[in-house]
Each structure stands twice: as structure tokens, then as C-alpha cells.
Amino acid sequence: MADRSVRNRLLSAFLGVSAFAVLAAIAALYAFSEVGDSLERITERRVPSALASQELARQASRIASTTAALLAASTPEEQDQLSEKIAGDLDRLNDLLIELKRSGIEPAAIESITNIVEWLNLNLISLETVVTSAHAMGERKQTLLGELAETQAAIQRLLSPGVLTMDADLAQLEGLVQGRGATSDKRVVKLARSVVALLPQEKAYLKALSINDTLLKAVSAETLSDLEAFSAPLTQSLITLQNQAKQLHPELEQPLLREIDRLRTLAAGRNSVLRARRRELEHIVGAERQIAENTDLSSQLSAAVQQLVVGAKHDITRAKGEVLSVQFYGTAILIAVVALSLISSTLIVWLYVERNLIARLTALTESTLAIAGGDLKVGIPADGSDEIGRMSEALIVFRNTAAEVEQARVQVTEARQRLLDAIESISDGFALYDPDDRLALFNSRYRSAWHPVDDDDLAVGTTFEMIIRRAAKRGLIRDAEGRVNAWVAERLENHRNPRGPHIQQRADGRWIQINERKTADGSTVAVYTDISELKNRETELAELVKKLKIARDQAMQAARAKSTFLANVSHELRTPLNAIIGFSEVLQEKMFGELNEKQEEYLNDIATSGKYLLRLINDILDLSNIEAGKMELEPTAVDLRQLLETSFVLVKEQAGAHSIALSLEVADDVDSFIADERKVKQIVFNLLSNAVKFTPDNGKVGLRAQRHNEVIEIAVWDTGVGITPEDQQCIFDEFQQVGETLTGKPEGTGLGLTLTRKLVELHGGKISVESSPGEGSIFTFTLPTKGKAEFRKSA
Amino acid sequence: MANARILIVEDNPKNLKLIRDLLQFKGYQTIEADSAEAGIELAREQHPTLILMDIQLPGIDGREAMKVLKADARTQQIPIIALTASAMKGDRERLLAEGFDGYIPKPIDIKAFPEQLESFLSERQ
């Protein structure tokens with residue numbers, strides 16, 4: 001089978017291994033693909049979105065911090081600058097959000113972020129409003145503070161000269177008090193009066209300074225409560241100041257009161273510094289709240305982003321896990337495939353290459369070496385139908401051929417030895433002359449045939465001519481006596497062109513038959529047979545044959561003569577019998593008139609005698625025919641039962657005349673068989689009529705027929721006169737009639753039982769008799785149902 | 001066939017007489033010859049219905065006579081029965097093979113003989 005060839009097997013094996021490689025490649029590709037997918041997921045989706053959201057968070061916190069700075073902005077320019085920055089940052093934030101949305105992240109995941117950013121947007125708008133308001137109020141406050149400063153300056157201008165004077169008076173007074181010069185009470189008093197007069201002025205001055213300080217402090221109040229704390233004392237101070245002002249010189253009082261009114265306006269009421277500060281603080285609080293909200297939103301955003309980042313990190317971790325898993329499974333599959341590939345390769349190498357190829361090739365090699373070493377009985381593994389299998393078959397053929405050649409060689413050697421042994425052991429002399437007619441091979445009888453005495457000249461290599469010439473010269477050949485050269489020439493001619501056996505008489509009287517034949521290569525094979533005895537026998541035999549021929553011719557002549565004689569006797573007897581019987585019957589038929597009793601009786605005697613004579617002739621002829629081998633069976637299917645019944649009818653009349661009871665017993669298994677019907681009837685009739693003839697009146701005659709396998713046995717019995725043992729010996733011989741008929745005269749021809757026996761034997765059967773004189777006889781004969789009666793010719 | 005004319009060729013006068021008397025008794029016409037030559041002559045002249053021919057005859061025998069008659073256009077239609085004492089085995093077959101139309105061995109059965117002739121003649125018609 002071609003599909004089991006080594007080529008196809010190896011191809012299958014390599015295809016298998018390659019399939020593993022392909023599987024490994026597929027597994028690797030799958031792993032790479034999975035890793036790639038995961039990386040793509042991470043890099044394309046999660047990472048950008050995470051980055052974007054982180055950027056978003058940073059942007060938000062940047063906005064939050066910028067907004068904090070916004071509040072701290074001291075100038076509108078600075079505020080505008082910050083606002084622009086915030087607007088830019090906000091745009092950037094919105095862009096980032098759009099970018100984040102575009103990054104493929106789930107909308108649900110960034111919904112909170114979107115909301116927060118939305119809030120942030122709104123918050124920033126309101127923050128800007130608040131901050132603008134706060135700044136506007138700050139500016140208003142500064143304006144009011146300017147007014148305050150002016151008012152304060154005005155008050156100082158009013159009051160400071162008095163204060164300065166009083167300070168100087170005090171200094172002088174102090175000096176006077178300490179006595180350093182000419183002291184004058186008047187002056188002291190004057191000085192004291194001047195100081196006392198100037199003291200309210202100084203009080204007002206200090207009060208105004210205090211109020212100014214308080215207002216300045218209130219303007220710097222950080223909280224509304226702090227601010228409110230200033231309100232009541234300030235009002236009290238103003239009242240005090242007003243009261244102090246009224247104690248001053250009217251020249252001072254009036255301008256001072258005007259200034260105090262201005263102070264009151266700045267300290268309380270719609271355009272007060274306190275109110276401005278309050279409004280400013282209120283805006284700042286609002287802004288701070290917004291900022292706090294912003295920060296909070298920023299934190300929320302950060303948290304949301306953090307969540308996203310965490311999600312992204314989680315995704316990344318998961319993706320990493322997947323990648324690791326894929327890597328693990330990919331690696332595992334690869335290892336498995338590689339392992340399988342290695343195992344299958346190993347198995348292929350071990351199972352197939354090692355066991356199937358190498359082992360078989362090794363076995364073949366060993367077998368080949370064994371054959372080469374001469375072991376032609378070595379077993380050759382002849383399995384498989386592949387190339388190696390065919391190699392095995394070829395080796396088997398080679399071995400068998402070698403074995404046959406070896407066997408043939410042995411046979412040739414043995415045959416040669418056998419041939420030599422055979423040649424040596426044959427009773428004849430044997431010699432082989434080569435194509436140059438030199439003696440090549442001979443046996444010891446050849447030597448003795450030629451050379452009855454010792455003769456060492458007869459050796460391989462001697463020429464044929466030399467051998468015969470020497471023999472002729474020695475006078476060993478009778479025919480060569482006196483004519484050696486002529487004889488040698490004749491003998492050589494005969495030897496070179498053999499024409500059948502050649503007989504030679506030796507001088508010692510022996511006859512040698514020389515049979516020479518040419519072989520295919522021109523050699524001559526010569527066989528020397530001592531036929532002296534044969535020659536003598538031949539002579540005797542020839543004489544004997546001559547005698548036998550004469551005897552045979554005589555016998556044949558006699559047989560012919562007998563036959564002719566019998567025919568003539570038959571003819572010559574039948575001719576008168578024709579007249580005797582014919583005329584008798586004509587008369588018996590009373591064709592020509594009635595006859596008297598005596599005439600009739602005599603006529604019966606004549607006719608009976610004539611018929612007896614005729615039966616005698618027929619019996620003799622039958623016997624003669626049987627003995628001459630001329631009688632042949634005419635086989636037909638014989639219904640034996642019917643045949644026996646017909647035979648009984650024939651003897652019925654005769655039996656009836658003597659009141660002899662007839663009985664016929666035919667066994668059931670006796671039926672039709674092959675025989676000569678007429679002759680069987682003749683046998684049965686002969687025996688039955690004999691039995692009736694030799695049985696006294698009122699006796700019994702019977703026939704029993706039964707079958708024993710292939711043989712039918714028929715016994716004819718009677719209660720007749722019987723036969724003595726001596727007579728039983730010869731009862732079947734010709735012309736022997738024993739016993740006496742009841743009438744006392746011989747009625748048989750003496751040939752009946754002889755003929756009966758011959759007819760039974762002709763069928764291949766046997767006949768015998770048992771009898772006791774005075775009691776009766778039983779004649780038993782057998783007939784084979786097949787085979788023997790096959791119509792064999794009578795012996 | 002009472003008017004059938006039967007030629008009897010028989011050299012033995014007793015046998016000739018037996019056959020002739022028997023046939024005449026049975027109502028046949030008979031003509032006789034004691035030799036083959038005479039028989040042939042009679043057959044040519046009288047054209048018998050049937051010839052009963054003995055075999056062993058003086059001069060030419062019955063078989064030769066039969067051949068002559070069978071070779072002669074005038075007589076070849078006449079059936080010839082061999083009536084002979086040559087009753088050895090094979091005689092019947094040999095004679096029938098040579099050209100005889102029937103064979104009756106001697107001694108004759110005087111009861112059967114006329115019946116044999118009668119049936120032969122009726123077959124021939």
C-alpha cells in the first residue's frame with residue numbers, strides 16, 4: 001500500500017510536528033492579539049481618559065487657586081488679568097471635558113464630572129461678580145478713607161496750633177516750676193491759665209485722633225462682628241468729640257463741628273466707611289464662600305477624577321490581569337504545544353524512526369550481514385508493505401535465491417557423488433570418453449570387462465584407439481583375431497558414429513554388449529554389459545518360442561477344428577431332427593388324420609427323443625461356448641420376483657402331476673437387479689425341474705430368495721431322494737448324473753448342473769449343495785447385484 | 001395370405017417335404033427347388049411372394065443365391081428368409097447382416113412356423 005510507505009509516514013509525522021508549530025504560532029498570535037487588545041484598550045481608552053480627567057482635575061484646582069488669587073487682587077488690572085486667566089483656564093477645562101467625553105469613557109462615569117464642571121462654570125461667573133463688587137466697594141472705601149484723611153487733616157489744622165501752644169506753655173511751666181530762672185507767679189499763672197484754656201482743645205485733638213484710629217481700625221476689621229464692635233464706641237466718641245468741640249473757642253468750634261459732621265458721615269450712614277467695609281466684607285465672604293465652593297467643587301472634581309483614575313487604574317489592573325492571564329495561558333499553551341511537539345517528535349523518532357525504521361533497518365542489516373556471512377537460514381523480518389517492507393521482500397528473494405543456489409550447489413555435489421556411486425555400483429562397465437576420445441571416467445567393472453587381469457595401462461587420458469588396439473593385439477577379441485587393423489578401423493567407425501548396441505564376443509567366450517552414445521558436447525558414453533547369460537537364455541528362449549508357436553498354432557487349429565466340428569455336428573444333427581420333430585409334430589397335430597393310441601404313444605416317444613437330442617445339442621453348444629469364452633451375458637434389469645414366478649409356472653404342471661407342493665418365499669428387499677435374464681431363468685428352471693424330477697409324489701419343493709447386502713441368495717430345496725456325499729463332489733461336473741429318477745430311466749443330459757454352475761459363475765456368483773440321501777437336497781446359489789455381474793466374459 | 005406363393009429352396013428331400021406339406025396344409029401355394037441355381041431360375045420366372053432359402057446347398061449356397069437375387073432387378077423385391085440348421089451363436093446376426101430378410105432356425109416348431117411366416121408376410125405388405 002502506497003499510503004503506508006516510509007515517505008508518506010515521514011510526511012505525516014513532519015506534518016504532525018508542523019501542525020504543532022502551527023498550533024504554537026496560533027496560540028502565540030492569539031496571546032499577542034489578546035495582549036495587544038488589552039494594551040489597546042488601556043492606551044487608547046483608559047489612559048487618555050485618565051490623563052484627560054487628571055488634567056481636568058489639575059485644571060480645576062488651578063482655577064480654584066486662581067480664583068483665590070482673584071479675591072486678593074489689589075488692582076482691577078490684576079483682577080482683569082486673573083479673570084482672563086480663569087476664563088482661559090475654564091475654556092481649557094471645557095475643552096478637556098469634551099476631550100474626555102470623546103475618549104470613549106462611559107457617559108455615566110463622567111456625569112458627575114460634567115455636573116461639577118457645570119457648577120464650576122456657574123460659580124466662577126458669580127464669583128467674578130462678587131469679586132468685582134468687592135473691589136468696587138474697596139475702591140469706595142479708599143475714597144472714603146481719603147475723605148477721612150482730609151477731614152482728619154482739617155481737624156488737625158484746626159486743633160494742632162492750640163495743642164502746640166499748650167505743649168510750649170507746659171514746657172515753660174515745667175521749667176518755671178523747677179526754678180531755673182526768675183520765676184514769676186504771674187507768668188506761671190498766666191501759663192497755667194493758658195494751659196487750662198488750651199486743655200479741651202487738646203482733648204478734642206486726641207479724641208479726633210482716636211476716632212480716626214478707630215475708623216482706620218474698623219476699616220481693617222476682618223469680620224463683620226469686629227466691624228460692628230466699632231460702631232457703638234465710634235458713635236460715643238463722636239458725641240464726646242462734639243461735646244468737646246462745643247467747649248472750644250467759637251472760632252474753633254464751628255469749623256470743628258463741620259469736620260465732626262464729616263466724620264460722622266464717614267463713620268455711620270449710607271456713605272460711611274464702616275458701611276463700605278461691611279459691604280466689602282460681605283462680598284469677600286460671598287467670594288470666599290464661592291471660592292470655598294470652587295475648592296470644594298475642585299475637590300469633588302478631583303475625587304470624581306480620582307474615581308475615574310481609580311476606575312482606569314482598576315481597568316488597567318484588570319487589563320493587566322487579563323494580559324497576564326492571556327500571557328499565562330498563552331505561555332502555558334505554548335509550553336504545552338512545545339512539549340507535545342517535543343513528545344511527538346520524540347515519539348516519532350522513538351516509535352517510528354527508532355522502532356520502525358532504525359530497528360527494521362538494523363534487523364535487515366543484520367540479516368544481510370548474516371546472509372553475506374553464509375547463514376542462508378537467517379530469518380528476515382518481512383513486515384510492512386512500505387519501502388523497508390519491499391527491501392525485506394527483496395532480501396527474502398535474494399536469500400531464497402542464494403539458498404536455492406546453495407542448495408543447487410550442494411545438490412550438484414551430491415548428485416555428482418551419487419552419480420559416481422551409481423556409476424560404480426551398476427552391474428555394467430561404464431566409461432566416458434571426452435571429445436578427444438580419451439578415457440575420462442570409468443568404473444571398476446569397465447576395467448574388468450576389458451582387462452580380466454591386472455593392467456595398469458588403463459588410466460584416465462588413454463585414447464580409445466590405444467585401448468582397443470592393445471586389447472585386440474592381446475587376442476582378447478574374437479572378431480579381431482588375425483585382422484587387428486581392420487577390426488580396429490571398424491570398431492573406431494562404430495565408436496565414432498554409434499548406431500545402437502553392438503555385441504562383441506570375447507576370446508574367452510563371453511558376450512559383451514557395448515552401448516555407445518554421443519553426448520551433447522561430443523563425449524562418448526559407453527556401457528559394457530556382459531550378456532553371456534542373456535545370450536544363452538536368448539538361444540534357449542528362441543527355441544522355446546518356436547515350440548510354443550507350434551503348440552499355439554496347433555491349439556488354435558484344434559480350437560478352430562472343434563468349433564467347425566461342433567458347427568457341423570450341430571448342423572448335421574439339426575437337419576434330420578428338423579424332419580423327425582417336424583413330422584412327429586405334424587402327426588401329433590393330426591393334420592393328416594387321426595391316430596390310434598399306440599401310434600400316438602410312439603409319436604410322443606419320437607418327439608420327446610428328438611427334443612432330448614436337440615436339448616443335448618444346445619447344452620453341448622452352450623458349454624462349448626462358455627468354455628471357448630464365446631458366451632456373453634446380456635445384462636438387463638431383472639425383476640427377480642416375476643422371474644421366479646414365471647419359472648414356477650413352467651414346473652407347475654410336472655409338479656402337479658406328482659402332487660408335489662410348491663412354495664416360493666421372496667424376501668421384501670429382493671427386487672430388481674442387473675443380470676442376464678434368460679440365463680438366470682435357465683439356472684432357476686434347471687434347479688427347479690431337477691428338484692421336481694427327484695422328489696417323490698406328495699413331496700415338497702420350494703425356493704427361498706433373500707438378499708445379503710450386495711448379494712442375492714437363492715436356495716432351491718426339495719424333500720427328494722437326496723445325494724450322497726461322494727456324489728456331491730462331482731455333481732457339477734460334465735456328464736455326471738447321480739441318483740435315480742422316479743421312473744428309473746435317465747432323463748437328463750448330464751450337462752444341466754454343469755451348465756447351471758457355469759452360468760452362475762459367469763454372473764460372478766457361486767453354487768453349492770447340501771443334501772442327505774433320503775431326506776432331500778438344497779441347492780444354493782448367489783448372484784451379485786452389481787459389479788461382478790458386470791457382464792464379465794466367461795473365463 | 002392364403003394365395004401367397006412361397007418358393008422353398010431345400011436340398012434335403014425330407015425337409016423339403018415337411019415344409020411343403022406344412023405350408024400347403026396352411027393354404028399357401030408352394031414352388032420348390034433343390035438347388036440354389038434352380039431356385040434363382042424359379043424366382044426369376046415365377047416371382048414368388050416369399051422365398052424360404054436353405055443355406056447349405058450343393059453348388060452355390062443359399063447366401064450366394066440370396067445375393068444374386070438381391071442384385072437382380074427382377075427379384076430384388078422378393079423377401080428371402082434363411083431357413084437353416086446353422087444355428088450356432090452369431091449365425092442369425094451374420095445372415096441378417098448379409099442381406100436376408102428373416103431367419104428361422106431348424107428344427108422348426110410346426111406350431112410357431114406358420115405364424116412366423118404369416119406375421120412376416122403381413123409386415124411386408
# chains A, B, ... in the order shown; residues from 1 in each chain; ligands from 1
>>> interface_residues(of="chain A", to="chain B", cutoff="7 Å", atoms="only C-alpha atoms", output="PyMOL selection string")
chain A and resi 567+571+574-575+577-579+582-583+585-586
>>> closest_residue(among="A:Ala268, A:Leu476, A:Leu703, A:Val35", to="Phe328 (chain A)", atoms="only C-alpha atoms")
A:Val35
>>> residues_around(residues="Leu57 (chain B)", least_positions_apart="4", cutoff="7 Å", atoms="only C-alpha atoms", output="compact mmCIF listing (two decimals) with C-alpha atoms, in the first residue's frame")
# COMPACT_ATOMS: atom_id res chain seq x y z
CA ASP B 11 -31.82 -79.89 -50.94
CA SER B 35 -30.56 -76.23 -55.52
CA ALA B 36 -29.71 -72.55 -55.48
CA ASP B 61 -25.02 -71.94 -51.33
CA GLY B 62 -28.06 -70.05 -50.07
>>> residues_around(residues="Ile40 (chain B)", least_positions_apart="3", cutoff="9 Å", atoms="only C-alpha atoms", output="number ranges by chain")
B: 33, 35-37, 43-45, 65-66, 68-69, 75
>>> write_last_selection(atoms="N, CA and C atoms", output="compact mmCIF listing (two decimals), in the first residue's frame")
# COMPACT_ATOMS: atom_id res chain seq x y z
N ALA B 33 -37.38 -75.86 -55.15
CA ALA B 33 -36.13 -76.06 -55.88
C ALA B 33 -35.18 -76.78 -54.95
N SER B 35 -31.89 -76.85 -55.45
CA SER B 35 -30.56 -76.23 -55.52
C SER B 35 -30.74 -74.72 -55.66
N ALA B 36 -29.67 -74.02 -55.40
CA ALA B 36 -29.71 -72.55 -55.48
C ALA B 36 -29.97 -72.13 -56.92
N GLU B 37 -29.26 -72.76 -57.85
CA GLU B 37 -29.40 -72.38 -59.26
C GLU B 37 -30.85 -72.51 -59.69
N ALA B 43 -37.35 -68.25 -59.18
CA ALA B 43 -37.69 -66.92 -58.65
C ALA B 43 -37.83 -65.92 -59.79
N ARG B 44 -36.90 -65.99 -60.77
CA ARG B 44 -36.96 -65.06 -61.90
C ARG B 44 -38.21 -65.30 -62.73
N GLU B 45 -38.55 -66.59 -62.89
CA GLU B 45 -39.68 -66.92 -63.76
C GLU B 45 -41.03 -66.63 -63.09
N ALA B 65 -26.94 -67.36 -53.42
CA ALA B 65 -28.19 -67.26 -54.15
C ALA B 65 -28.95 -65.99 -53.75
N MET B 66 -28.95 -65.76 -52.43
CA MET B 66 -29.64 -64.55 -51.95
C MET B 66 -29.02 -63.30 -52.59
N VAL B 68 -27.40 -63.06 -55.41
CA VAL B 68 -27.76 -62.99 -56.83
C VAL B 68 -29.17 -62.41 -56.98
N LEU B 69 -30.08 -62.94 -56.16
CA LEU B 69 -31.47 -62.49 -56.27
C LEU B 69 -31.61 -61.01 -55.89
N THR B 75 -35.85 -59.67 -59.19
CA THR B 75 -36.15 -60.43 -57.97
C THR B 75 -35.78 -59.72 -56.68
>>> atom_distance(atom1="CA of Ile467 (chain A)", atom2="CA of Gln417 (chain A)")
26.6 Å
>>> closest_residue(among="B:Ala38, B:Ile104, B:Leu7, B:Ala82", to="Leu50 (chain B)", atoms="only C-alpha atoms")
B:Leu7
>>> closest_residue(among="A:Ile674, A:Ala559, A:Ile155, A:Leu227", to="Leu256 (chain A)", atoms="only C-alpha atoms")
A:Ile155
>>> atom_distance(atom1="CA of Ile284 (chain A)", atom2="CA of Ala73 (chain A)")
11.9 Å
>>> select_by_dssp(residues="chain B", states="strand (DSSP E)", output="list in words")
Arg5, Ile6, Leu7, Ile8, Val9, Gln29, Thr30, Ile31, Glu32, Ala33, Leu50, Ile51, Leu52, Met53, Ile80, Ile81, Ala82, Leu83, Thr84, Gly102, Tyr103, Ile104 and Pro105 of chain B
>>> write_last_selection(atoms="C-alpha atoms", output="PDB file, in the first residue's frame")
ATOM      1  CA  ARG B   5     -46.787 -68.264 -53.399  1.00  0.00           C
ATOM      2  CA  ILE B   6     -43.758 -69.360 -51.470  1.00  0.00           C
ATOM      3  CA  LEU B   7     -40.566 -70.655 -53.056  1.00  0.00           C
ATOM      4  CA  ILE B   8     -38.827 -73.310 -50.990  1.00  0.00           C
ATOM      5  CA  VAL B   9     -35.145 -73.868 -51.792  1.00  0.00           C
ATOM      6  CA  GLN B  29     -49.027 -72.130 -52.793  1.00  0.00           C
ATOM      7  CA  THR B  30     -45.551 -73.543 -52.951  1.00  0.00           C
ATOM      8  CA  ILE B  31     -42.900 -73.924 -55.578  1.00  0.00           C
ATOM      9  CA  GLU B  32     -39.716 -75.870 -54.901  1.00  0.00           C
ATOM     10  CA  ALA B  33     -36.125 -76.056 -55.879  1.00  0.00           C
ATOM     11  CA  LEU B  50     -41.557 -65.133 -50.431  1.00  0.00           C
ATOM     12  CA  ILE B  51     -38.521 -67.347 -50.617  1.00  0.00           C
ATOM     13  CA  LEU B  52     -37.506 -69.803 -47.867  1.00  0.00           C
ATOM     14  CA  MET B  53     -33.815 -70.402 -48.506  1.00  0.00           C
ATOM     15  CA  ILE B  80     -35.870 -64.048 -48.583  1.00  0.00           C
ATOM     16  CA  ILE B  81     -35.904 -65.927 -45.271  1.00  0.00           C
ATOM     17  CA  ALA B  82     -32.980 -68.083 -44.303  1.00  0.00           C
ATOM     18  CA  LEU B  83     -34.309 -71.467 -43.138  1.00  0.00           C
ATOM     19  CA  THR B  84     -31.244 -73.245 -41.851  1.00  0.00           C
ATOM     20  CA  GLY B 102     -35.550 -63.139 -41.957  1.00  0.00           C
ATOM     21  CA  TYR B 103     -34.040 -66.118 -40.120  1.00  0.00           C
ATOM     22  CA  ILE B 104     -35.741 -69.293 -38.925  1.00  0.00           C
ATOM     23  CA  PRO B 105     -33.533 -71.979 -37.403  1.00  0.00           C
TER      24      PRO B 105
END
